[in-house]
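Reviewing the structure listed below.
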Amino acid sequence: MTWPKSYGGSERNALDRYVVMEEMLFAGAPVSLHWIADRQSGPLLLRFGTEQQRRTILPRIARGELCFCIGLSEPDAGSDVGSIRTKARRTDGGWLVNGTKLWTTNAHRAHYMIGLFRTAGDVSERHAGLSHFLVDLSLPGITVRPIRDLTGEERFNEVIFDNVLLPEDALVGRLGEGWNQAMTELAFERSGPERFLSSIQALIELIRYFGNAPTDEATALIGRLIAQLVTLRNMSISVAGMLEAHQDPALEAAVVKDLGGAFEQLLPDSIQGLLGLELVSGENSDLRQVTAHLVRMAPAFSLRGGTREILRGIIARGLGLR
Amino acid sequence: MSEAVTILAEMVDRLFADHVTMDLIAATSTGHWAHELWALVEKQGLPSSIVPEEQGGMGASFHDAFVIVRAAGRYRAPIPLPETIAAGWLLAAVGLEMPTGPLTLGGTHPEDTLRLQRSGSEWRLSGSIHRVPWGRVANSVVLAMRHDEKTLIVQAVRQGSAVEQGANLAGEFRDILIFRNHPVEVAPWRHAFTDNPVMVVGAMMRSGLMAGALADILARSVVYAGERQQFGRPIGKQQAVQQNLAILAEEAAATEAAAEAAFLAFDRADPEFHVAVAKVRAGIAASQAVGIAHQVHGAIGYALEHPLHTSTSRLMSWRTEFGSDRHWAVVLGQRVLTLGADGFWPHITAA
């Protein structure tokens, strides 16, 4: 929505996009296929990509034709991104990639990956020597293995690179600048309405369930949840305003994501506590069904897009403690 | 923040930083009235800040009021400045003249027993009001009362009432005022947004004070964690301490956002909803943040001569004044249940 018209965008502002995203999430729209491309990969290409990359990729994202995934985590590199081992070695006519990405959301559905690979040095050099690449996932040598999550669904994957030859122009941005570029990308990931609305269907069903005959305890719980929801929304909109004004909201975004994740976890947990009912998946009652689903999903809310501990570390750095 | 608001913020910050000392706060908690501090804020026009200029006030915005009240909370100014700002606005809103001197708000306590009687053009008030902030030093108290199915704003001069002195956990005056056939000024409340405007503005003021006090305990805790050495390095280098301070910062930020939104909502639709949000959110924050601030400070923060408790005990008191977070959570829950599963979201996003 916010991209230049020349790349297929509509040149709307960040708050317009915020309103549309929020309404889609509230309605429970199935957004996950295009989410990453619209929110992270597209903006990254817009900011750091070559003109050629922008012209070939962005209009197709804008038309909803492309699904992206982000190749960041690895078997030995989760929160510690500096430990990335997957290597992209310069070779005749391009880059030769070897290694494994893990927990890669949507890789089994995606057309492209934005991958962070080591282009120089080894793990001891940490964040130096990491670079971003635009990876066509249909290239030979790439194997995508879905991993079932604890809810039984296939969302994340193992992606194995076995002598994958990327063309010369697959590099995104500057060589060795991948870490800094990735941090910019994460600020987009950490502040939007999807960071506190994941469990919203449970709140909607809770309000429907009690209707005109609530207990005092239910009324007070709904009030407490609404107070947190409205406050998070104000904070998230304020971050969107900062992005629009080209300020760097990395710290504020970390605050929204940590509080938002905690709220998303509090919702199903407090509803389960309130109802005191056994939760069975596949129940008829919408409230029990949604809650049953969310209590199992909840652990992910403080893991994805930066763990709670990493976010609090960023906040502590913002306070000048580290 | 606009430039005018920034200048106001700096002026108020400097005034309180220079004049609200630990000695003054301690003296107030044993019954001293900080009349010199009051004279200073009156000289700056702060009490009538949001009264329109044509009614003799400063004509400032509710956002200006937020800046003033937050600073009063941050520095623990032991004077009824938020109460006077609120009372002045209520009087101006119904066309009554704002008297000089400190004012306060009353009639919101569950134990209050009040009767309003009319004889001809005269109104008389009888009964008692409880836990009145700074009651003993207020020139007048402003109340909202129901009479003949209408809400009235009532202004009662304190002189002539009986006072029973009390205090909150932080030693701020919280008194009982008893009126016997006491002549009062009365005007009808015509704004549709609430039937209980004193409770709503009172809770709004408390949320602004709490945002300030949370900013204070965050700043103190961060400074202390950077100075205090244990195990050969500042305790703020310990990840366990950093993680706790991050939570404290989050809670302070959330309260700031919620309180600011409540003040900003006052010029627009449905302030009661946003005040309820702010008071609930501030209460949740206080319950977490107070514990963390004391945990970071260790034993020294538990000492009477250390300033930390002057903020934390205020937070614990303010949390339940003008409606506890439980009270406002029920109000908010009822509002949302009335709006219904399909109606509450449009209400939230409309503001």
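For the structure tokens, the naming scheme is as follows: chains receive sequential letters (A, B, ...) according to their order of presentation, residues are indexed from 1 within each chain, and ligands are indexed from 1 in presentation order.
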Up to 9 Å from chain B, what residues of chain A turn up? Count only C-alpha atoms and give them as a ChimeraX atom specification.
/A:19,26,203-212,214,216-228,230-232,234-235,255-256,258-259,309,311-317,319-322
So which residues touch Gln201 of chain A within 9 Å, counting only C-alpha atoms, skipping near sequence neighbours fewer than 5 positions away, as number ranges by chain?
A: 26-28, 206, 287, 290-291
Dump as a PDB file, in the first residue's frame, selection limited to N, CA and C atoms:
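File written: result_34.pdb
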```
ATOM      1  N   PHE A  26      -8.541  -8.275  12.737  1.00  0.00           N
ATOM      2  CA  PHE A  26      -9.710  -8.353  13.603  1.00  0.00           C
ATOM      3  C   PHE A  26     -10.759  -9.282  12.994  1.00  0.00           C
ATOM      4  N   ALA A  27     -10.853  -9.241  11.670  1.00  0.00           N
ATOM      5  CA  ALA A  27     -11.829 -10.094  10.988  1.00  0.00           C
ATOM      6  C   ALA A  27     -11.336 -11.540  10.875  1.00  0.00           C
ATOM      7  N   GLY A  28     -10.099 -11.791  11.328  1.00  0.00           N
ATOM      8  CA  GLY A  28      -9.555 -13.136  11.241  1.00  0.00           C
ATOM      9  C   GLY A  28      -9.199 -13.530   9.817  1.00  0.00           C
ATOM     10  N   LEU A 206     -15.182 -14.296  23.944  1.00  0.00           N
ATOM     11  CA  LEU A 206     -15.447 -14.135  25.382  1.00  0.00           C
ATOM     12  C   LEU A 206     -16.597 -13.147  25.600  1.00  0.00           C
ATOM     13  N   LEU A 287     -15.946 -20.207  21.872  1.00  0.00           N
ATOM     14  CA  LEU A 287     -15.003 -19.705  22.868  1.00  0.00           C
ATOM     15  C   LEU A 287     -14.033 -20.799  23.298  1.00  0.00           C
ATOM     16  N   VAL A 290     -11.654 -21.707  20.288  1.00  0.00           N
ATOM     17  CA  VAL A 290     -10.617 -20.692  20.056  1.00  0.00           C
ATOM     18  C   VAL A 290      -9.592 -20.725  21.185  1.00  0.00           C
ATOM     19  N   THR A 291     -10.080 -20.844  22.422  1.00  0.00           N
ATOM     20  CA  THR A 291      -9.169 -20.851  23.563  1.00  0.00           C
ATOM     21  C   THR A 291      -8.269 -22.085  23.533  1.00  0.00           C
TER      22      THR A 291
END
```
With distances taken over only C-alpha atoms, the candidate from A:Asp92, A:Glu244, A:Glu23, A:Asp136 nearest Phe68 of chain A is A:Asp136
Contacts of Phe161 of chain A within 8 Å, only C-alpha atoms, excl. fewer than 4 positions in-chain, as a ChimeraX atom specification
/A:97-100,141-143
Resulting file, chosen residues, N, CA and C atoms, as a CSV table (one decimal), in the first residue's frame:
```
chain,number,residue,atom,x,y,z
A,97,VAL,N,26.0,-21.5,-2.3
A,97,VAL,CA,25.4,-21.5,-0.9
A,97,VAL,C,25.4,-23.0,-0.4
A,98,ASN,N,25.9,-23.1,0.8
A,98,ASN,CA,25.8,-24.4,1.5
A,98,ASN,C,25.5,-24.2,3.0
A,99,GLY,N,24.5,-25.0,3.5
A,99,GLY,CA,24.2,-24.8,4.9
A,99,GLY,C,22.7,-25.1,5.1
A,100,THR,N,22.2,-24.9,6.3
A,100,THR,CA,20.8,-25.2,6.7
A,100,THR,C,20.2,-24.1,7.5
A,141,GLY,N,19.1,-27.9,-5.7
A,141,GLY,CA,19.9,-28.0,-4.6
A,141,GLY,C,19.2,-27.5,-3.3
A,142,ILE,N,18.0,-26.9,-3.4
A,142,ILE,CA,17.3,-26.5,-2.2
A,142,ILE,C,16.2,-27.5,-1.8
A,143,THR,N,16.3,-28.0,-0.6
A,143,THR,CA,15.3,-28.9,-0.1
A,143,THR,C,14.6,-28.3,1.1
```
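Taking only C-alpha atoms into account, Ser324 of chain B lies nearest to B:Ala203 out of the set B:Val141, B:Met11, B:Ala203, B:Ala285.
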Could you list, with a cut-off of 8 Å and counting only C-alpha atoms, the residues of segment 51-154 of chain B near segment 16-22 of chain B, each shown with its nearest atom pair and the distance in Å rounded to one decimal, rows sorted by chain and ascending number, as a tab-separated table?
```
residue	atom	partner	partner_atom	distance
B:Ala71	CA	B:Phe16	CA	7.6
B:Ala72	CA	B:Phe16	CA	7.3
B:Tyr75	CA	B:Phe16	CA	6.2
B:Arg76	CA	B:Val20	CA	7.4
B:Ala77	CA	B:Val20	CA	6.0
B:Pro78	CA	B:Val20	CA	8.0
```
Residues within 8 Å of segment 297-305 of chain B, only C-alpha atoms, excluding chain neighbours under 4 positions, as a PyMOL selection string:
chain B and resi 221+224-225+293+309
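The nearest approach to Arg296 of chain A among the residues A:Pro146, A:Gly241, A:Gly260, A:Gly152, with only C-alpha atoms taken into account, belongs to A:Gly152.
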Need to verify the contact set: Phe48 of chain A, 6 Å, only C-alpha atoms, exclusion of same-chain residues closer than 3 positions in sequence. Can you return it as an NGL selection string?
:A and (44-45 or 173)
Export, as a PDB file, in the first residue's frame, the selected residues with N, CA and C atoms.
```
ATOM      1  N   LEU A  44      12.424  -4.246   2.629  1.00  0.00           N
ATOM      2  CA  LEU A  44      13.881  -4.431   2.603  1.00  0.00           C
ATOM      3  C   LEU A  44      14.424  -4.203   1.191  1.00  0.00           C
ATOM      4  N   LEU A  45      13.743  -4.785   0.185  1.00  0.00           N
ATOM      5  CA  LEU A  45      14.173  -4.605  -1.209  1.00  0.00           C
ATOM      6  C   LEU A  45      14.041  -3.146  -1.619  1.00  0.00           C
ATOM      7  N   GLY A 173      21.531  -5.310  -1.128  1.00  0.00           N
ATOM      8  CA  GLY A 173      22.239  -4.312  -0.323  1.00  0.00           C
ATOM      9  C   GLY A 173      23.735  -4.504  -0.434  1.00  0.00           C
TER      10      GLY A 173
END
```
Taking the chain letters and numbering used in this document, name the residues of segment 95-292 of chain A that DSSP puts in helix (DSSP H, G or I), as number ranges by chain.
A: 123-125, 168-170, 178-189, 193-195, 200-210, 216-244, 250-275, 286-292
In segment 34-192 of chain B, DSSP strand (DSSP E or B) residues written as a ChimeraX atom specification
/B:103-106,113-119,122-133,140-147,150-157,162-164,167,173-188
